[in-house]
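Reviewing the structure listed below.
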Amino acid sequence: MLLHNDYFYWDGELDEKVCNELIALGIEKFSAATVRVAEQPITIEERTSGRNLETKVIEEYRKSDVVWLNEKWVRDLVIPYMWKANEEAGWNFIIDKIDRIQLTRYEVDGFYDWHRDGMSDTPASIKSPGHPDEGKVRKLSMTILLNDNYVGGEFQYSDYTEEKVTHNIIPSKKMGTIFIFPSFKEHRITSITKGIRYSLVTWFLGPPFK
């Protein structure tokens, strides 16, 4: 899918007090982040039906710690920004659910290699019967930078052309910056070389693209 806007952002939108309150929600609760992995090659059947992937801690691919948040005030904080970005960026994706909210901590040498938060077609939709999100896919991703006293930790995304791959950097690392992008965009967090990087991450769901 070709897009006029690859992302939408607010520079330094949230103040220090709110950012610190969000960080405090994770004190003494962090655990190692996992990634979804496929143990076996995809089968012909799975190409049409989709597949359920296992989650594992793989530090060669992702090294960070996370806490899952359930506070209503956090959901109420982030949802209006999603609607605004979806409209202002011209995406106008059909969104009907917010995913879980993740507080993420990257310490020195922490990183997250190239990945997509979700594919957007029917085989990629959630397959668990009875799950409240069954049949939905991640359509928009949100990251909020909660501090800026660290070195490294660049948020980069890839653009592909016939001649080259371009690694573009989101233009701000200021505390309180909010950026939103389509979940199928490939991106990464580069390695932290000094300090600790905190961010709030969530995803917004809807029916698969047609």
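Naming scheme: A, B, ... for chains in displayed order of the structure tokens; residues 1 onward per chain; ligands 1 onward as shown.
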
*Do you know which residues are at most 7 Å from A:Trp68 counting only C-alpha atoms, after dropping those on the same chain fewer than 5 positions away, and could you put them as a PyMOL selection string?*
chain A and resi 100-103

Q) Can you list every residue in stretch 49-202 of chain A that DSSP puts in helix (DSSP H, G or I), as JSON, numbers by chain? A) {"A": [49, 72, 73, 74, 75, 76, 77, 78, 79, 80, 81, 82, 83, 84, 85, 86, 87, 88, 122, 123, 124]}

Dump N, CA and C atoms for the selected residues as a compact mmCIF listing (two decimals), in the first residue's frame?
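Saved the output as result-v5.txt:
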# COMPACT_ATOMS: atom_id res chain seq x y z
N SER A 49 -5.14 -19.75 5.59
CA SER A 49 -5.86 -19.75 6.86
C SER A 49 -5.18 -18.91 7.93
N LYS A 72 -7.56 2.90 32.84
CA LYS A 72 -8.50 3.56 31.94
C LYS A 72 -8.01 4.94 31.53
N TRP A 73 -7.38 5.67 32.46
CA TRP A 73 -6.95 7.02 32.12
C TRP A 73 -5.89 7.02 31.03
N VAL A 74 -5.12 5.94 30.94
CA VAL A 74 -4.11 5.85 29.88
C VAL A 74 -4.79 5.63 28.53
N ARG A 75 -5.79 4.76 28.48
CA ARG A 75 -6.55 4.57 27.23
C ARG A 75 -7.22 5.88 26.81
N ASP A 76 -7.82 6.56 27.79
CA ASP A 76 -8.50 7.82 27.48
C ASP A 76 -7.52 8.87 26.98
N LEU A 77 -6.27 8.78 27.43
CA LEU A 77 -5.24 9.73 26.98
C LEU A 77 -4.87 9.52 25.52
N VAL A 78 -4.70 8.27 25.10
CA VAL A 78 -4.11 8.00 23.79
C VAL A 78 -5.13 7.94 22.66
N ILE A 79 -6.36 7.51 22.94
CA ILE A 79 -7.32 7.28 21.86
C ILE A 79 -7.61 8.52 21.02
N PRO A 80 -7.81 9.71 21.61
CA PRO A 80 -8.09 10.88 20.76
C PRO A 80 -6.96 11.20 19.78
N TYR A 81 -5.73 10.93 20.15
CA TYR A 81 -4.62 11.17 19.22
C TYR A 81 -4.69 10.23 18.02
N MET A 82 -5.12 9.00 18.26
CA MET A 82 -5.26 8.07 17.14
C MET A 82 -6.29 8.58 16.14
N TRP A 83 -7.47 8.99 16.64
CA TRP A 83 -8.51 9.48 15.73
C TRP A 83 -8.03 10.70 14.96
N LYS A 84 -7.34 11.60 15.64
CA LYS A 84 -6.85 12.81 14.98
C LYS A 84 -5.85 12.45 13.89
N ALA A 85 -4.89 11.59 14.19
CA ALA A 85 -3.89 11.20 13.20
C ALA A 85 -4.52 10.47 12.03
N ASN A 86 -5.45 9.57 12.30
CA ASN A 86 -6.10 8.79 11.25
C ASN A 86 -6.79 9.71 10.25
N GLU A 87 -7.37 10.78 10.75
CA GLU A 87 -8.06 11.74 9.87
C GLU A 87 -7.08 12.69 9.19
N GLU A 88 -6.20 13.31 9.98
CA GLU A 88 -5.32 14.34 9.45
C GLU A 88 -4.30 13.77 8.45
N THR A 122 -6.52 -10.80 5.77
CA THR A 122 -7.33 -11.75 6.53
C THR A 122 -6.52 -12.89 7.16
N PRO A 123 -5.54 -13.51 6.45
CA PRO A 123 -4.77 -14.57 7.10
C PRO A 123 -4.00 -14.09 8.33
N ALA A 124 -3.74 -12.78 8.42
CA ALA A 124 -2.99 -12.26 9.56
C ALA A 124 -3.87 -11.93 10.75

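Atom CA of A:Ile144 to atom CA of A:Val201 spans 6.5 Å [interatomic distance, one decimal].
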
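If you count only C-alpha atoms and ignore residues fewer than 2 places along the chain from A:Leu3, what sits within 10 Å of it is Met1, Asn5, Asp6, Tyr7, Ala89, Gly90, Trp91 and Pro182 of chain A.
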
Using only C-alpha atoms, the best pick from A:Tyr150, A:Phe204, A:Tyr9, A:Phe111 as closest to A:Ile98 would be A:Phe204

So which bits of stretch 14-206 of chain A end up strand (DSSP E or B) when you DSSP the backbone, as a ChimeraX atom specification? /A:31-32,35-37,54-56,62-63,65-69,97-106,111-115,137-145,151-152,155-160,165-169,178-182,187-189,192-194,197-206

Judged by only C-alpha atoms, the minimum distance to A:Glu60 among A:Thr104, A:Gly110, A:Ser199, A:Trp10 is found for A:Gly110

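In this model, the gap between atom CA of A:Met175 and atom CA of A:Lys17 comes to 10.7 Å.
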
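If you measure from each of A:Asp148, A:Asp99, A:Glu134, A:Asp65 to A:Thr202 using only C-alpha atoms, the closest one turns out to be A:Asp99.
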
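What separates atom CA of A:Val165 from atom CA of A:Lys56 is a distance of 28.8 Å.
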
| task | For A:Ile180, please output as a PyMOL selection string all residues within 6 Å (counting only C-alpha atoms; exclusion window: fewer than 2 positions along the same chain). | result | chain A and resi 7-8+141-142
